[in-house]
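Containing JSON, C-alpha atoms and all ligand atoms: my_file_0.json.
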```json
[["chain", "number", "residue", "atom", "x", "y", "z"],
["A", 1, "MET", "CA", -93.12, 99.55, -293.56],
["A", 2, "ARG", "CA", -95.68, 100.17, -290.78],
["A", 3, "ARG", "CA", -98.04, 103.11, -291.28],
["A", 4, "TYR", "CA", -98.23, 105.21, -288.16],
["A", 5, "LEU", "CA", -101.49, 105.60, -286.27],
["A", 6, "VAL", "CA", -102.20, 108.67, -284.17],
["A", 7, "ALA", "CA", -105.32, 107.97, -282.11],
["A", 8, "GLY", "CA", -107.09, 110.38, -279.79],
["A", 9, "ASN", "CA", -108.83, 109.02, -276.72],
["A", 10, "TRP", "CA", -111.31, 111.70, -275.71],
["A", 11, "LYS", "CA", -112.33, 109.83, -272.54],
["A", 12, "LEU", "CA", -115.35, 111.39, -270.78],
["A", 13, "ASN", "CA", -115.19, 114.62, -272.76],
["A", 14, "LYS", "CA", -117.19, 116.16, -275.62],
["A", 15, "GLY", "CA", -120.87, 115.56, -276.21],
["A", 16, "PRO", "CA", -122.21, 115.42, -279.79],
["A", 17, "ALA", "CA", -122.13, 119.16, -280.51],
["A", 18, "GLU", "CA", -118.67, 119.84, -279.07],
["A", 19, "GLY", "CA", -117.34, 116.58, -280.48],
["A", 20, "ALA", "CA", -118.49, 117.32, -284.02],
["A", 21, "ALA", "CA", -116.94, 120.78, -283.75],
["A", 22, "LEU", "CA", -113.58, 119.36, -282.61],
["A", 23, "ALA", "CA", -113.60, 116.70, -285.33],
["A", 24, "ARG", "CA", -114.41, 119.36, -287.93],
["A", 25, "GLU", "CA", -111.57, 121.55, -286.69],
["A", 26, "ILE", "CA", -109.10, 118.64, -286.91],
["A", 27, "SER", "CA", -110.35, 117.70, -290.38],
["A", 28, "GLU", "CA", -110.04, 121.29, -291.57],
["A", 29, "LEU", "CA", -106.46, 121.56, -290.28],
["A", 30, "LEU", "CA", -105.60, 118.38, -292.19],
["A", 31, "GLN", "CA", -107.58, 119.33, -295.31],
["A", 32, "GLY", "CA", -105.79, 118.58, -298.54],
["A", 33, "ARG", "CA", -102.82, 116.88, -296.88],
["A", 34, "LYS", "CA", -101.79, 113.44, -298.01],
["A", 35, "LEU", "CA", -100.73, 111.76, -294.78],
["A", 36, "LYS", "CA", -98.28, 108.89, -294.51],
["A", 37, "GLY", "CA", -100.28, 107.35, -291.65],
["A", 38, "ASP", "CA", -103.73, 107.01, -290.11],
["A", 39, "VAL", "CA", -105.57, 109.38, -287.81],
["A", 40, "LEU", "CA", -108.34, 108.32, -285.43],
["A", 41, "VAL", "CA", -110.50, 110.01, -282.82],
["A", 42, "CYS", "CA", -112.37, 108.02, -280.16],
["A", 43, "PRO", "CA", -115.21, 110.03, -278.61],
["A", 44, "PRO", "CA", -117.77, 108.86, -276.01],
["A", 45, "TYR", "CA", -120.42, 106.47, -277.40],
["A", 46, "VAL", "CA", -123.15, 109.10, -277.84],
["A", 47, "THR", "CA", -120.79, 111.36, -279.78],
["A", 48, "ILE", "CA", -119.71, 108.71, -282.29],
["A", 49, "PRO", "CA", -122.46, 109.32, -284.92],
["A", 50, "ALA", "CA", -121.92, 113.10, -284.89],
["A", 51, "VAL", "CA", -118.16, 112.69, -285.22],
["A", 52, "ALA", "CA", -118.44, 109.94, -287.82],
["A", 53, "ALA", "CA", -120.54, 112.27, -289.96],
["A", 54, "VAL", "CA", -117.54, 114.61, -290.04],
["A", 55, "ALA", "CA", -114.66, 112.12, -289.78],
["A", 56, "GLN", "CA", -115.19, 109.38, -292.31],
["A", 57, "GLY", "CA", -111.58, 108.58, -292.99],
["A", 58, "ASP", "CA", -110.57, 111.52, -295.09],
["A", 59, "PRO", "CA", -108.23, 111.47, -293.29],
["A", 60, "VAL", "CA", -109.76, 111.24, -289.80],
["A", 61, "LEU", "CA", -111.38, 107.97, -288.73],
["A", 62, "THR", "CA", -113.76, 107.44, -285.81],
["A", 63, "GLY", "CA", -113.40, 104.85, -283.07],
["A", 64, "ALA", "CA", -114.82, 103.89, -279.68],
["A", 65, "GLN", "CA", -113.25, 103.71, -276.22],
["A", 66, "ASN", "CA", -114.94, 100.52, -275.08],
["A", 67, "CYS", "CA", -117.56, 97.93, -276.05],
["A", 68, "ALA", "CA", -119.68, 95.17, -274.58],
["A", 69, "ASP", "CA", -118.38, 91.62, -274.28],
["A", 70, "GLN", "CA", -121.71, 90.32, -275.70],
["A", 71, "ASP", "CA", -123.26, 90.98, -279.08],
["A", 72, "GLN", "CA", -126.87, 91.41, -277.90],
["A", 73, "GLY", "CA", -129.36, 90.57, -275.18],
["A", 74, "ALA", "CA", -130.20, 91.51, -271.62],
["A", 75, "TYR", "CA", -127.08, 93.52, -270.77],
["A", 76, "THR", "CA", -128.32, 96.88, -269.54],
["A", 77, "GLY", "CA", -126.23, 99.85, -270.53],
["A", 78, "GLU", "CA", -123.97, 97.97, -272.93],
["A", 79, "VAL", "CA", -123.11, 98.70, -276.58],
["A", 80, "SER", "CA", -121.90, 95.95, -278.92],
["A", 81, "PRO", "CA", -119.10, 96.22, -281.47],
["A", 82, "ALA", "CA", -121.61, 95.56, -284.28],
["A", 83, "MET", "CA", -123.63, 98.59, -283.11],
["A", 84, "LEU", "CA", -120.45, 100.66, -282.98],
["A", 85, "SER", "CA", -119.65, 99.65, -286.51],
["A", 86, "GLU", "CA", -123.13, 100.68, -287.63],
["A", 87, "ALA", "CA", -122.64, 104.04, -285.87],
["A", 88, "GLY", "CA", -119.43, 104.68, -287.82],
["A", 89, "ALA", "CA", -116.63, 103.37, -285.59],
["A", 90, "ARG", "CA", -113.69, 101.55, -287.19],
["A", 91, "TYR", "CA", -111.52, 100.89, -284.14],
["A", 92, "VAL", "CA", -112.26, 100.08, -280.48],
["A", 93, "ILE", "CA", -109.87, 100.74, -277.59],
["A", 94, "ILE", "CA", -109.74, 97.78, -275.20],
["A", 95, "GLY", "CA", -107.85, 97.32, -271.94],
["A", 96, "HIS", "CA", -107.16, 100.96, -271.10],
["A", 97, "SER", "CA", -105.58, 101.28, -267.65],
["A", 98, "GLU", "CA", -108.51, 103.40, -266.45],
["A", 99, "ARG", "CA", -110.90, 100.54, -267.23],
["A", 100, "ARG", "CA", -108.54, 98.04, -265.61],
["A", 101, "GLU", "CA", -108.45, 100.25, -262.51],
["A", 102, "TYR", "CA", -111.97, 101.68, -262.19],
["A", 103, "GLN", "CA", -114.05, 98.92, -263.80],
["A", 104, "ARG", "CA", -111.78, 96.08, -262.68],
["A", 105, "GLU", "CA", -111.66, 94.69, -266.22],
["A", 106, "THR", "CA", -109.69, 91.50, -266.66],
["A", 107, "ASP", "CA", -107.83, 89.56, -269.37],
["A", 108, "GLU", "CA", -110.78, 87.20, -269.80],
["A", 109, "LEU", "CA", -113.09, 90.13, -270.52],
["A", 110, "PHE", "CA", -110.58, 91.69, -272.93],
["A", 111, "VAL", "CA", -110.44, 88.43, -274.89],
["A", 112, "ARG", "CA", -114.24, 88.30, -275.25],
["A", 113, "LYS", "CA", -114.42, 91.97, -276.24],
["A", 114, "ILE", "CA", -111.61, 91.80, -278.80],
["A", 115, "ASN", "CA", -113.07, 88.66, -280.37],
["A", 116, "LEU", "CA", -116.37, 90.50, -280.86],
["A", 117, "VAL", "CA", -114.57, 93.59, -282.18],
["A", 118, "HIS", "CA", -112.88, 91.41, -284.79],
["A", 119, "GLN", "CA", -116.12, 89.58, -285.62],
["A", 120, "ALA", "CA", -117.74, 92.96, -286.30],
["A", 121, "GLY", "CA", -114.96, 93.76, -288.77],
["A", 122, "LEU", "CA", -113.40, 96.39, -286.51],
["A", 123, "LYS", "CA", -109.83, 96.80, -285.34],
["A", 124, "ALA", "CA", -108.90, 96.56, -281.67],
["A", 125, "ILE", "CA", -106.37, 98.81, -279.95],
["A", 126, "PHE", "CA", -105.23, 96.77, -276.99],
["A", 127, "CYS", "CA", -103.64, 98.81, -274.18],
["A", 128, "TYR", "CA", -101.18, 97.52, -271.63],
["A", 129, "GLY", "CA", -98.41, 98.90, -269.43],
["A", 130, "GLU", "CA", -96.89, 98.78, -266.00],
["A", 131, "LYS", "CA", -97.61, 100.89, -262.91],
["A", 132, "LEU", "CA", -94.96, 103.07, -261.27],
["A", 133, "GLU", "CA", -94.30, 100.70, -258.37],
["A", 134, "GLN", "CA", -93.89, 97.81, -260.81],
["A", 135, "ARG", "CA", -91.32, 99.77, -262.83],
["A", 136, "GLN", "CA", -89.51, 100.81, -259.66],
["A", 137, "ALA", "CA", -89.38, 97.15, -258.60],
["A", 138, "GLY", "CA", -87.74, 96.27, -261.94],
["A", 139, "GLN", "CA", -90.85, 94.39, -263.11],
["A", 140, "ALA", "CA", -91.82, 96.43, -266.20],
["A", 141, "GLN", "CA", -90.94, 93.73, -268.73],
["A", 142, "ALA", "CA", -92.49, 90.94, -266.67],
["A", 143, "VAL", "CA", -95.76, 92.88, -266.27],
["A", 144, "VAL", "CA", -95.96, 93.74, -269.96],
["A", 145, "LYS", "CA", -95.21, 90.14, -270.95],
["A", 146, "ALA", "CA", -97.94, 88.82, -268.66],
["A", 147, "GLN", "CA", -100.47, 91.33, -270.01],
["A", 148, "LEU", "CA", -99.73, 90.35, -273.62],
["A", 149, "GLU", "CA", -99.63, 86.63, -272.84],
["A", 150, "GLY", "CA", -102.91, 86.89, -270.96],
["A", 151, "VAL", "CA", -104.78, 88.04, -274.06],
["A", 152, "LEU", "CA", -103.09, 87.65, -277.46],
["A", 153, "PRO", "CA", -102.82, 83.83, -277.69],
["A", 154, "GLN", "CA", -106.40, 83.44, -276.45],
["A", 155, "LEU", "CA", -107.89, 85.45, -279.32],
["A", 156, "GLU", "CA", -109.73, 83.64, -282.11],
["A", 157, "SER", "CA", -107.85, 85.70, -284.66],
["A", 158, "ALA", "CA", -105.24, 88.36, -284.09],
["A", 159, "ASP", "CA", -103.10, 89.73, -286.84],
["A", 160, "ALA", "CA", -101.33, 92.92, -287.75],
["A", 161, "TYR", "CA", -104.38, 94.09, -289.68],
["A", 162, "ASN", "CA", -107.07, 93.74, -287.01],
["A", 163, "THR", "CA", -105.02, 94.40, -283.88],
["A", 164, "VAL", "CA", -102.96, 97.38, -282.75],
["A", 165, "LEU", "CA", -101.09, 97.44, -279.44],
["A", 166, "ALA", "CA", -100.72, 100.52, -277.26],
["A", 167, "TYR", "CA", -98.00, 100.52, -274.63],
["A", 168, "GLU", "CA", -99.10, 102.97, -271.97],
["A", 169, "PRO", "CA", -96.98, 103.10, -268.83],
["A", 170, "VAL", "CA", -99.62, 103.95, -266.21],
["A", 171, "TRP", "CA", -97.29, 106.41, -264.48],
["A", 172, "ALA", "CA", -97.15, 108.50, -267.69],
["A", 173, "ILE", "CA", -100.89, 108.72, -268.36],
["A", 174, "GLY", "CA", -102.29, 112.18, -267.70],
["A", 175, "THR", "CA", -99.35, 112.99, -265.41],
["A", 176, "GLY", "CA", -97.29, 115.14, -267.76],
["A", 177, "GLU", "CA", -94.50, 112.63, -267.22],
["A", 178, "THR", "CA", -93.38, 110.90, -270.41],
["A", 179, "ALA", "CA", -91.32, 107.74, -270.83],
["A", 180, "THR", "CA", -87.84, 108.62, -272.03],
["A", 181, "PRO", "CA", -87.12, 107.55, -275.60],
["A", 182, "ALA", "CA", -84.85, 104.83, -274.20],
["A", 183, "GLN", "CA", -87.57, 103.52, -271.87],
["A", 184, "ALA", "CA", -90.18, 103.57, -274.63],
["A", 185, "GLN", "CA", -87.95, 101.87, -277.21],
["A", 186, "GLU", "CA", -86.90, 99.19, -274.73],
["A", 187, "ILE", "CA", -90.47, 98.16, -273.91],
["A", 188, "HIS", "CA", -91.67, 98.48, -277.51],
["A", 189, "ALA", "CA", -88.86, 96.26, -278.82],
["A", 190, "PHE", "CA", -89.49, 93.83, -275.98],
["A", 191, "SER", "CA", -93.24, 93.81, -276.75],
["A", 192, "ARG", "CA", -92.54, 93.08, -280.39],
["A", 193, "GLN", "CA", -90.41, 90.12, -279.36],
["A", 194, "VAL", "CA", -93.23, 88.84, -277.13],
["A", 195, "VAL", "CA", -95.66, 89.19, -280.05],
["A", 196, "ALA", "CA", -93.23, 87.27, -282.26],
["A", 197, "ASP", "CA", -93.09, 84.47, -279.71],
["A", 198, "LEU", "CA", -96.89, 84.38, -279.37],
["A", 199, "LEU", "CA", -98.14, 85.10, -282.89],
["A", 200, "GLY", "CA", -95.12, 84.62, -285.13],
["A", 201, "ALA", "CA", -92.37, 86.81, -286.55],
["A", 202, "LYS", "CA", -94.38, 88.03, -289.53],
["A", 203, "VAL", "CA", -97.27, 89.32, -287.40],
["A", 204, "ALA", "CA", -94.79, 90.99, -285.04],
["A", 205, "GLU", "CA", -93.02, 92.69, -287.92],
["A", 206, "TYR", "CA", -96.21, 94.31, -289.17],
["A", 207, "MET", "CA", -98.16, 94.88, -285.94],
["A", 208, "ARG", "CA", -98.34, 98.52, -284.93],
["A", 209, "ILE", "CA", -97.35, 99.34, -281.36],
["A", 210, "LEU", "CA", -98.40, 102.82, -280.24],
["A", 211, "TYR", "CA", -96.95, 104.75, -277.32],
["A", 212, "GLY", "CA", -99.33, 106.44, -274.89],
["A", 213, "GLY", "CA", -98.59, 108.67, -271.93],
["A", 214, "SER", "CA", -98.37, 112.47, -272.02],
["A", 215, "CYS", "CA", -97.50, 112.52, -275.71],
["A", 216, "LYS", "CA", -97.59, 116.10, -277.02],
["A", 217, "PRO", "CA", -96.45, 118.13, -280.03],
["A", 218, "GLY", "CA", -93.06, 118.76, -278.42],
["A", 219, "ASN", "CA", -92.14, 115.10, -277.93],
["A", 220, "ALA", "CA", -94.16, 113.33, -280.66],
["A", 221, "ARG", "CA", -91.50, 113.37, -283.34],
["A", 222, "GLU", "CA", -88.84, 111.86, -281.11],
["A", 223, "LEU", "CA", -91.12, 109.18, -279.63],
["A", 224, "ILE", "CA", -92.89, 108.19, -282.83],
["A", 225, "GLY", "CA", -89.55, 108.22, -284.64],
["A", 226, "LEU", "CA", -88.22, 105.39, -282.45],
["A", 227, "PRO", "CA", -87.70, 102.15, -284.40],
["A", 228, "ASP", "CA", -90.45, 100.17, -282.64],
["A", 229, "VAL", "CA", -92.93, 103.00, -281.96],
["A", 230, "ASP", "CA", -95.62, 103.19, -284.65],
["A", 231, "GLY", "CA", -97.71, 106.10, -283.46],
["A", 232, "GLY", "CA", -99.40, 107.41, -280.37],
["A", 233, "LEU", "CA", -102.49, 107.00, -278.24],
["A", 234, "ILE", "CA", -103.21, 110.50, -277.07],
["A", 235, "GLY", "CA", -105.35, 111.59, -274.13],
["A", 236, "GLY", "CA", -105.24, 115.20, -272.97],
["A", 237, "ALA", "CA", -103.56, 116.60, -276.09],
["A", 238, "ALA", "CA", -106.28, 115.06, -278.29],
["A", 239, "LEU", "CA", -108.83, 117.54, -276.95],
["A", 240, "LYS", "CA", -107.25, 120.55, -278.66],
["A", 241, "ALA", "CA", -107.20, 120.44, -282.44],
["A", 242, "ALA", "CA", -103.91, 122.34, -282.73],
["A", 243, "ASP", "CA", -102.13, 120.04, -280.26],
["A", 244, "PHE", "CA", -103.53, 116.88, -281.85],
["A", 245, "VAL", "CA", -102.51, 118.04, -285.32],
["A", 246, "GLY", "CA", -99.11, 119.06, -283.87],
["A", 247, "ILE", "CA", -98.65, 115.41, -282.83],
["A", 248, "ILE", "CA", -99.68, 114.28, -286.32],
["A", 249, "ASP", "CA", -97.08, 116.69, -287.70],
["A", 250, "GLY", "CA", -94.51, 115.00, -285.45],
["A", 251, "ALA", "CA", -95.55, 111.59, -286.76],
["A", 252, "GLU", "CA", -95.31, 112.84, -290.35],
["A", 253, "ALA", "CA", -91.82, 114.22, -289.72],
["A", 254, "ALA", "CA", -90.80, 110.94, -288.09],
["A", 255, "ALA", "CA", -92.15, 109.02, -291.08],
["A", 256, "GLY", "CA", -89.67, 110.95, -293.24],
["B", 1, "LIG", "C1", -104.37, 107.81, -272.40],
["B", 1, "LIG", "O1", -105.14, 107.89, -271.47],
["B", 1, "LIG", "O2", -104.48, 106.90, -273.23],
["B", 1, "LIG", "C2", -103.30, 108.81, -272.49],
["B", 1, "LIG", "C3", -102.22, 108.51, -273.18],
["B", 1, "LIG", "O3", -103.49, 109.99, -271.82],
["B", 1, "LIG", "P1", -102.51, 111.27, -271.81],
["B", 1, "LIG", "O4", -102.06, 111.51, -273.21],
["B", 1, "LIG", "O5", -103.36, 112.38, -271.29],
["B", 1, "LIG", "O6", -101.36, 110.92, -270.92]]
```
In structure tokens, what does this structure look like?
Amino acid sequence: MRRYLVAGNWKLNKGPAEGAALAREISELLQGRKLKGDVLVCPPYVTIPAVAAVAQGDPVLTGAQNCADQDQGAYTGEVSPAMLSEAGARYVIIGHSERREYQRETDELFVRKINLVHQAGLKAIFCYGEKLEQRQAGQAQAVVKAQLEGVLPQLESADAYNTVLAYEPVWAIGTGETATPAQAQEIHAFSRQVVADLLGAKVAEYMRILYGGSCKPGNARELIGLPDVDGGLIGGAALKAADFVGIIDGAEAAAG
């Protein structure tokens, strides 16, 4: 019912030459395969055109890791969603825990950014998830609910077509520690219920909710095979073509 999405977040890695080479390697490994889901790579801004020249959706799409909260004007150093679209991006990651932490980004900013992403005809991947101390205090569901409530109802338009969610427990990002299948399924099912309450049952039924946090070839099939997990947002393992494609293989196997 929901097509999986496996999305690579390259973070601050791979300039244009290296990025194009990695995208080419991934595309070649997937050559001729008819996938049951979608595959996306999100390089740094400057690498997007080089990657988009290689990854134009057959089957690998190109995305961005961030965008401005304004569409043009005197905002030094910023890049708008419309510019990203022109450069070849089809998705934009918003709300990643690293931007929440290091750039102090807030719900209000996420709302402005996602609205512009949608206005540019792009899809947003909205990330959320609790920190270790919040989970240990038994607050995981409350934190996740507040993060979704802080953004989704404020959007001008949010539907299962233009918005993807990515549950990323902060304690699992880049740590090698992965949520257990039970932990992941619990929060994904809970998130879907929150989406149903905020945006309606139909949207919740079709909205894709990705898992992120030390996803790798060895655990992808089990995680992505969970009833409410619709793919993965992949950090470290997205930087090696064989590992990234191994995760796609896991998603394909999970899709049956
Ligand atoms: C991420 O940063 O979105 C992520 C999931 O990273 P990693 O796969 O390296 O844990």
Within 6 Å of Asp107 (chain A), counting only C-alpha atoms, which residues show up once you throw out same-chain ones fewer than 2 positions away? Write them as a PyMOL selection string, please. chain A and resi 109-110+150-151
Among listed residues A:Gly138, A:Pro49, A:Gly129, A:Gly176, nearest ligand LIG 1 (chain B) (using all atoms listed in the file):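 The answer is A:Gly176, which sits nearest to ligand LIG 1 (chain B).
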Using only C-alpha atoms and all ligand atoms: which of A:Glu186, A:Glu168, A:Glu25, A:Glu222 has the shortest distance to ligand LIG 1 (chain B): A:Glu168
Sorted by chain and rising residue number, list the residues of chain A at most 6 Å from ligand LIG 1 (chain B) (counting all atoms listed in the file), each with its closest atom pair and distance in Å to one decimal, as CSV.
```
residue,atom,partner,partner_atom,distance
A:Asn9,CA,B:LIG1,O2,6.0
A:Ala172,CA,B:LIG1,O6,5.8
A:Ile173,CA,B:LIG1,O6,3.4
A:Gly174,CA,B:LIG1,O6,3.6
A:Gly212,CA,B:LIG1,C3,3.9
A:Gly213,CA,B:LIG1,O6,3.7
A:Ser214,CA,B:LIG1,O6,3.5
A:Cys215,CA,B:LIG1,O4,5.3
A:Leu233,CA,B:LIG1,C3,5.3
A:Ile234,CA,B:LIG1,O4,4.2
A:Gly235,CA,B:LIG1,O3,3.4
A:Gly236,CA,B:LIG1,O5,3.8
```
Take CA of Phe126 (chain A) and CA of Ile114 (chain A) and report the distance between them in Å, one decimal. 8.3 Å
